[in-house]
Every structure is written in structure tokens, then in C-alpha cells.
Amino acid sequence: MADRIAEDLLAAVLASPRAVAAHDKTAWVGLFTEQAAVHDPYGSRAHIGPEAISRFYNVFIAPNTIAFRVERDIVAGHTVVRDLHIETTMSTGATVVVPMHLRYDLVAADGGWRISRLAAHWELGVMVGRLMRTGSAGVLAGAKLGPQLIGELGVGGAMGMMRALRGVGRHGKRIVRGLFVAAADGDSGRVQELLGRASVRVGSGDAVSPAEFGEMVRSVQCDKVIAAGRTVSVSVRRGESGGVVFVDFASGSSRIECVTVYLGG
């Protein structure tokens, strides 16, 4: 039964890139619940409900050709996490490839599964930098995006998008890398110090102690670290298996508040 649910959840998520590739706006917006929230990029102002999600589609999906280069999918509870790169070709011909972690929360609805929350963890600053380095096509794409943002989302929406440039950034990355280094060294005291009173969970399961977390990630390798908003997400590998770890920081602080570990086969 659990395997069947996992297959159905993943199937519901896989409908998203299909709709994006087909430029089927109705199908894509229809994947979400009436009160769904799209955080894309995570740290920006959320797009909540069908109308806001539709406007998001008009700006960021409709004009572009988007390919999902997926490295790993993990299903835990009613959440699907995708470890991937997104390749976006703008209307001007500029192409950028951005590392990303996608986290989908789903709910049962209408005899199937629909997305109640989508969090796209990627770095807006990195994407803009790569776009500008593509040359005149990238500069033109950036120049076109501003009016499109304001036209669809309004000035407030455009400013809300820019919130993604703020967050824990490089400082948060250093703390998280330090956490994994301490775990690799078997330095349980340092792991405990960095985690403090943070809650640590494995997917949607029960909480684990800092010591258990340290042992869990002791032998993993980290090969993708993304700071989006107040969250740092990390791709981890152990042999052929792997996963994604999300480290949430407290508001206005460098204190780790929550760690969620998603491990796949």
C-alpha cells in the first residue's frame, strides 16, 4: 500500500514538468489545490491560490522553454523532493542552467493527489549572474522580465520576488558546511553546539537527536549546497544512495531552528 501511494505521489509530481514542456497552463495550474502556495524561488513572496499561480505561470513559464534535469526523486510521507538542475531557455535565446531542490507537499483530493505547497530552492542571484554572462541575449531577457513582472504581479509582486535576494546566504552555507564537517569528523560536541535546540526529523517521521543525526550523515558526501531565503538545502550522497537535507534558520538569526532529512535508495 505504501509503495502504491509513493508511486501515485510521484506520478502527480511528474505531471508538472509534462505540463510545463507542453505549455499547458490549464493542466499546470490544475495540479494545485485552491489554497496552494508556490514559493519560487523560496524566500520570495508566495503565490497563493489559482489566480496568483496563474500569473506566476504567465511570467516565468509561458515565455520560456524549461527542461528538468533530475538526479534523484525521494518520496517521504506525502512529500516529494526532487534533486535536479533546471535548464531555462528565454524568449531571447539565452539559456541558463540552475541547481535546484524542489519540495512538493501533496494532499488527497478528487480521487487523486494535488499539490498544496511547492517550494523551489534555488539562488536568484546565481541565476541572474549566469543570465548576464550569456551576453546580449541575457541582458535583453533581463530587460524584458522587469516589465513582465510588474505587468502581471504589480510593483508589490515584483518587490516580493526580490525578497529572495535576502536570507542566510554564504554565512548560512558556512554554518551548514561546518555542521557536516563536524559530523564527518565524529565531533558530536560540535554537532550538538551547532544544532542547539533545533528539531531534527527524517522526512515526515519522528524526531531524532543531534547525536543520531550526526551518525546518520557521518559518511555522506555533500555535492550541492543552496541558500534560498532562510533555508540551506544540501544534496547528500552515500554510495549509490542519497538525499536532500533542509536546514532552516530562525528569523533574523544564525541559529539553526529545524533540520529535515530526506533520504532515498
# chains A, B, ... in the order shown; residues from 1 in each chain; ligands from 1
$ select_by_dssp --residues "region 46-221 of chain A" --states "strand (DSSP E)" --output "count of residues only"
55
$ residues_around --residues "Asp83 (chain A)" --least-positions-apart "2" --cutoff "9 Å" --atoms "only C-alpha atoms" --output "VMD selection string"
chain A and resid 69 to 74 81 85 99 to 102 235 243 to 244
$ residues_around --residues "region 56-64 of chain A" --least-positions-apart "3" --cutoff "6 Å" --atoms "only C-alpha atoms" --output "JSON list (two decimals) with C-alpha atoms, in the first residue's frame"
[["chain", "number", "residue", "atom", "x", "y", "z"],
["A", 53, "ILE", "CA", -0.33, 30.82, -9.54],
["A", 89, "THR", "CA", 15.84, 28.98, -22.46],
["A", 90, "MET", "CA", 14.42, 32.50, -22.55],
["A", 91, "SER", "CA", 12.46, 34.00, -25.43]]
$ select_by_dssp --residues "region 76-231 of chain A" --states "helix (DSSP H, G or I)" --output "JSON, numbers by chain"
{"A": [124, 125, 126, 127, 128, 129, 130, 131, 132, 136, 137, 138, 139, 140, 141, 142, 143, 144, 145, 146, 147, 148, 149, 150, 151, 152, 153, 154, 155, 156, 157, 158, 159, 160, 161, 162, 163, 164, 165, 169, 170, 171, 172, 173, 174, 175, 176, 177, 178, 179, 180, 181, 182, 183, 184, 188, 189, 190, 191, 192, 193, 194, 195, 210, 211, 212, 213, 214, 215, 216]}
$ atom_distance --atom1 "CA of Gly125 (chain A)" --atom2 "CA of Ile86 (chain A)"
15.1 Å
$ residues_around --residues "Gly203 (chain A)" --least-positions-apart "6" --cutoff "6 Å" --atoms "only C-alpha atoms" --output "ChimeraX atom specification"
/A:76,261-262
$ closest_residue --among "A:Ser204, A:Gln221, A:Ser116, A:Thr88" --to "Pro50 (chain A)" --atoms "only C-alpha atoms"
A:Ser116
$ residues_around --residues "region 93-98 of chain A" --least-positions-apart "6" --cutoff "10 Å" --atoms "only C-alpha atoms" --output "PyMOL selection string"
chain A and resi 64-69+84-87+122-124+126-142
$ write_last_selection --atoms "C-alpha atoms" --output "compact mmCIF listing (two decimals), in the first residue's frame"
# COMPACT_ATOMS: atom_id res chain seq x y z
CA ASN A 64 10.32 30.13 -21.75
CA THR A 65 11.37 26.60 -22.64
CA ILE A 66 12.14 24.70 -19.43
CA ALA A 67 13.80 21.30 -19.06
CA PHE A 68 14.07 19.35 -15.80
CA ARG A 69 17.41 17.52 -15.40
CA LEU A 84 17.84 18.46 -10.07
CA HIS A 85 19.05 21.22 -12.37
CA ILE A 86 16.62 23.38 -14.33
CA GLU A 87 17.61 24.44 -17.84
CA TRP A 122 17.42 27.96 -5.94
CA GLU A 123 19.53 31.10 -5.75
CA LEU A 124 18.14 34.11 -7.58
CA VAL A 126 23.24 32.93 -9.11
CA MET A 127 20.59 32.72 -11.82
CA VAL A 128 20.83 36.45 -12.64
CA GLY A 129 24.63 36.26 -12.78
CA ARG A 130 24.55 33.31 -15.16
CA LEU A 131 21.93 35.02 -17.31
CA MET A 132 24.01 38.18 -17.65
CA ARG A 133 27.06 36.13 -18.62
CA THR A 134 25.22 34.76 -21.67
CA GLY A 135 25.76 38.13 -23.35
CA SER A 136 23.32 40.39 -25.17
CA ALA A 137 20.56 37.75 -25.22
CA GLY A 138 20.75 37.53 -21.44
CA VAL A 139 20.76 41.29 -20.96
CA LEU A 140 17.72 41.58 -23.24
CA ALA A 141 15.94 38.79 -21.35
CA GLY A 142 16.57 40.61 -18.07
$ closest_residue --among "A:Arg197, A:His78, A:Arg177, A:Arg166" --to "Asp3 (chain A)" --atoms "only C-alpha atoms"
A:His78
$ atom_distance --atom1 "CA of Val225 (chain A)" --atom2 "CA of Ala183 (chain A)"
16.2 Å
$ atom_distance --atom1 "CA of Ile115 (chain A)" --atom2 "CA of Ala15 (chain A)"
10.8 Å
$ closest_residue --among "A:Ala207, A:Val168, A:Leu194, A:Leu179" --to "Thr231 (chain A)" --atoms "only C-alpha atoms"
A:Val168
